[in-house]
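Visitor: For reference, the file my_file-v6.cif (mmCIF, C-alpha atoms and all ligand atoms) is included below:
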```
data_target
#
loop_
_atom_site.group_PDB
_atom_site.id
_atom_site.type_symbol
_atom_site.label_atom_id
_atom_site.label_comp_id
_atom_site.auth_asym_id
_atom_site.auth_seq_id
_atom_site.Cartn_x
_atom_site.Cartn_y
_atom_site.Cartn_z
ATOM 1 C CA MET X 1 4.129 32.935 -16.769
ATOM 2 C CA VAL X 2 2.388 31.051 -19.593
ATOM 3 C CA PRO X 3 0.892 28.686 -18.706
ATOM 4 C CA PRO X 4 0.566 29.889 -15.121
ATOM 5 C CA PRO X 5 1.269 27.514 -12.237
ATOM 6 C CA GLY X 6 -1.719 25.403 -11.249
ATOM 7 C CA ASP X 7 -3.750 26.663 -8.294
ATOM 8 C CA LEU X 8 -3.170 23.841 -5.831
ATOM 9 C CA THR X 9 -6.007 25.025 -3.567
ATOM 10 C CA VAL X 10 -8.841 24.452 -6.045
ATOM 11 C CA PRO X 11 -10.924 21.245 -5.870
ATOM 12 C CA LEU X 12 -9.302 18.071 -7.087
ATOM 13 C CA TRP X 13 -11.306 17.833 -10.306
ATOM 14 C CA SER X 14 -9.344 20.674 -11.888
ATOM 15 C CA ARG X 15 -5.885 19.167 -11.344
ATOM 16 C CA PRO X 16 -4.336 15.713 -11.234
ATOM 17 C CA GLN X 17 -6.738 13.571 -9.226
ATOM 18 C CA ASP X 18 -4.409 10.712 -8.859
ATOM 19 C CA ALA X 19 -1.652 10.722 -6.229
ATOM 20 C CA ASP X 20 0.589 8.655 -8.510
ATOM 21 C CA ARG X 21 0.275 11.281 -11.241
ATOM 22 C CA THR X 22 1.030 14.112 -8.810
ATOM 23 C CA PHE X 23 4.133 12.186 -7.742
ATOM 24 C CA VAL X 24 5.309 11.957 -11.379
ATOM 25 C CA VAL X 25 4.559 15.663 -11.977
ATOM 26 C CA ILE X 26 6.781 16.594 -9.020
ATOM 27 C CA ARG X 27 9.521 14.113 -9.928
ATOM 28 C CA GLU X 28 9.630 14.730 -13.702
ATOM 29 C CA GLY X 29 7.946 18.110 -14.228
ATOM 30 C CA ILE X 30 5.628 19.067 -17.081
ATOM 31 C CA THR X 31 7.326 19.483 -20.451
ATOM 32 C CA ARG X 32 7.208 22.883 -22.179
ATOM 33 C CA THR X 33 6.148 24.650 -18.973
ATOM 34 C CA ALA X 34 8.046 26.345 -16.148
ATOM 35 C CA MET X 35 7.261 23.304 -14.003
ATOM 36 C CA THR X 36 10.631 21.640 -13.864
ATOM 37 C CA GLY X 37 11.041 18.271 -12.192
ATOM 38 C CA TRP X 38 12.363 17.968 -8.657
ATOM 39 C CA PRO X 39 14.412 14.737 -8.795
ATOM 40 C CA ALA X 40 16.586 15.718 -5.829
ATOM 41 C CA PHE X 41 13.721 14.895 -3.443
ATOM 42 C CA SER X 42 13.719 11.317 -2.139
ATOM 43 C CA ASP X 43 10.668 9.125 -2.742
ATOM 44 C CA ARG X 44 9.598 9.801 0.839
ATOM 45 C CA GLN X 45 9.994 13.568 0.497
ATOM 46 C CA THR X 46 8.066 13.518 -2.780
ATOM 47 C CA TRP X 47 5.186 11.535 -1.204
ATOM 48 C CA GLU X 48 5.184 14.054 1.654
ATOM 49 C CA LEU X 49 4.779 16.836 -0.926
ATOM 50 C CA VAL X 50 1.922 14.881 -2.568
ATOM 51 C CA ALA X 51 0.205 14.601 0.839
ATOM 52 C CA TYR X 52 0.754 18.309 1.527
ATOM 53 C CA ILE X 53 -0.642 19.322 -1.875
ATOM 54 C CA GLU X 54 -3.706 17.124 -1.309
ATOM 55 C CA SER X 55 -4.207 18.795 2.100
ATOM 56 C CA LEU X 56 -4.557 22.175 0.295
ATOM 57 C CA ASP X 57 -7.719 21.051 -1.477
ATOM 58 C CA HIS X 58 -10.412 23.046 0.289
ATOM 59 C CA GLY X 59 -13.057 21.371 -1.883
ATOM 60 C CA ALA X 60 -12.398 17.913 -0.469
HETATM 61 C C1 LIG O 1 8.837 21.764 -4.992
HETATM 62 C C2 LIG O 1 8.142 22.781 -5.520
HETATM 63 C C3 LIG O 1 6.958 22.540 -6.453
HETATM 64 C C4 LIG O 1 5.993 21.594 -6.395
HETATM 65 C C5 LIG O 1 5.794 20.492 -5.345
HETATM 66 C C6 LIG O 1 5.115 21.813 -7.528
HETATM 67 C C7 LIG O 1 3.981 21.068 -7.828
HETATM 68 C C8 LIG O 1 3.186 21.233 -8.943
HETATM 69 C C9 LIG O 1 2.029 20.417 -9.286
HETATM 70 C C10 LIG O 1 1.479 19.241 -8.466
HETATM 71 C C11 LIG O 1 1.533 20.902 -10.449
HETATM 72 C C12 LIG O 1 0.312 20.379 -11.211
HETATM 73 C C13 LIG O 1 -0.860 21.305 -10.937
HETATM 74 C C14 LIG O 1 -1.985 21.135 -11.932
HETATM 75 O O1 LIG O 1 -1.915 20.259 -12.803
HETATM 76 O O2 LIG O 1 -2.954 21.900 -11.834
HETATM 77 C C15 LIG O 1 2.359 22.019 -10.858
HETATM 78 C C16 LIG O 1 2.157 22.780 -12.000
HETATM 79 C C17 LIG O 1 2.932 23.834 -12.396
HETATM 80 N N1 LIG O 1 4.036 24.325 -11.753
HETATM 81 FE FE1 LIG O 1 4.849 23.551 -10.059
HETATM 82 N N2 LIG O 1 5.581 22.885 -8.259
HETATM 83 C C18 LIG O 1 6.711 23.356 -7.639
HETATM 84 C C19 LIG O 1 7.486 24.427 -8.035
HETATM 85 C C20 LIG O 1 7.279 25.194 -9.164
HETATM 86 C C21 LIG O 1 8.073 26.370 -9.535
HETATM 87 C C22 LIG O 1 9.255 26.900 -8.721
HETATM 88 C C23 LIG O 1 7.550 26.850 -10.681
HETATM 89 C C24 LIG O 1 7.960 28.039 -11.520
HETATM 90 C C25 LIG O 1 9.211 28.485 -11.593
HETATM 91 C C26 LIG O 1 6.424 25.991 -11.046
HETATM 92 C C27 LIG O 1 5.631 26.161 -12.141
HETATM 93 C C28 LIG O 1 4.528 25.389 -12.469
HETATM 94 C C29 LIG O 1 3.696 25.605 -13.650
HETATM 95 C C30 LIG O 1 3.868 26.686 -14.715
HETATM 96 C C31 LIG O 1 2.702 24.623 -13.607
HETATM 97 C C32 LIG O 1 1.544 24.413 -14.611
HETATM 98 C C33 LIG O 1 1.996 23.566 -15.782
HETATM 99 C C34 LIG O 1 0.828 23.279 -16.724
HETATM 100 O O3 LIG O 1 -0.032 24.140 -16.915
HETATM 101 O O4 LIG O 1 0.778 22.173 -17.269
HETATM 102 N N3 LIG O 1 6.300 25.003 -10.101
HETATM 103 N N4 LIG O 1 3.358 22.207 -9.933
#
```
For the structure just supplied, provide its representation as structure tokens.

Guide:
Amino acid sequence: MVPPPGDLTVPLWSRPQDADRTFVVIREGITRTAMTGWPAFSDRQTWELVAYIESLDHGA
């Protein structure tokens, strides 16, 4: 897959640092990549995904 999916376990500096931006990435996707948006998730579900993704950061 080009580009490959981001490694969500690497430290925050190498991926969106901002929870609001991560929310938008999940909701709307990233154009011209395989990362489609996930608009079917409610706001609450999407924030839960943001929190889960942030919990994967072993560098924090
Ligand atoms: C609900 C499920 C998913 C969530 C919550 C999610 C979340 C994310 C997030 C937060 C990023 C940004 C990472 C970064 O910037 O380093 C990302 C990137 C990406 N995701 Fe997903 N993702 C999901 C499912 C998928 C699936 C199923 C695919 C492939 C079919 C995919 C392909 C990608 C790709 C290719 C990127 C990198 C785009 C780029 O380089 O700009 N994602 N994803």

Visitor: Mind pulling up the distance from CA of Val25 (chain X) to atom N3 of ligand LIG 1 (chain O)?

Guide: 9.7 Å

Visitor: Quick one: what's the axis-aligned box for ligand LIG 1 (chain O), all listed atoms, 8 Å on every side, centre and edges in Å to one decimal, as lines of an AutoDock Vina configuration file?

Guide:
```
center_x = 3.2
center_y = 23.9
center_z = -11.1
size_x = 28.2
size_y = 25.2
size_z = 28.3
```

Visitor: Which chains and residue numbers are within 7 Å of ligand LIG 1 (chain O), counting only C-alpha atoms and all ligand atoms, if I want them as a list in words?

Guide: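 Listing the residues within 7 Å of ligand LIG 1 (chain O) gives Met1, Val2, Pro3, Pro4, Pro5, Gly6, Asp7, Leu8, Ser14, Arg15, Pro16, Thr22, Val25, Ile26, Ile30, Thr33, Ala34, Met35, Thr36, Trp38, Leu49 and Ile53 of chain X.
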
Visitor: State, in Å with one decimal place, the distance from CA of Phe41 (chain X) to CA of Glu54 (chain X).

Guide: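 Between CA of Phe41 (chain X) and CA of Glu54 (chain X) the gap is 17.7 Å.
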
Visitor: Hey, can you check how far CA of Phe23 (chain X) sits from CA of Ala40 (chain X)?

Guide: 13.1 Å

Visitor: Counting all atoms listed in the file, select every polymer residue within 12 Å of (-0.2, 5.8, -6.1) as defined in the file's coordinates, and provide the selection as a list in words.

Guide: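 Result, sorted by chain then residue number: Pro16, Gln17, Asp18, Ala19, Asp20, Arg21, Thr22, Phe23, Val24, Asp43, Thr46, Trp47, Val50 and Ala51 of chain X.
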
Visitor: Mind dumping the selected residues with C-alpha atoms as a short mmCIF file (atom, residue, chain, number, x, y, z; two decimals), in the frame of the given file?

Guide:
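Wrote it out as again_32.cif, contents follow:
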```cif
data_model
loop_
_atom_site.label_atom_id
_atom_site.label_comp_id
_atom_site.auth_asym_id
_atom_site.auth_seq_id
_atom_site.Cartn_x
_atom_site.Cartn_y
_atom_site.Cartn_z
CA PRO X 16 -4.34 15.71 -11.23
CA GLN X 17 -6.74 13.57 -9.23
CA ASP X 18 -4.41 10.71 -8.86
CA ALA X 19 -1.65 10.72 -6.23
CA ASP X 20 0.59 8.65 -8.51
CA ARG X 21 0.28 11.28 -11.24
CA THR X 22 1.03 14.11 -8.81
CA PHE X 23 4.13 12.19 -7.74
CA VAL X 24 5.31 11.96 -11.38
CA ASP X 43 10.67 9.12 -2.74
CA THR X 46 8.07 13.52 -2.78
CA TRP X 47 5.19 11.54 -1.20
CA VAL X 50 1.92 14.88 -2.57
CA ALA X 51 0.20 14.60 0.84
#
```
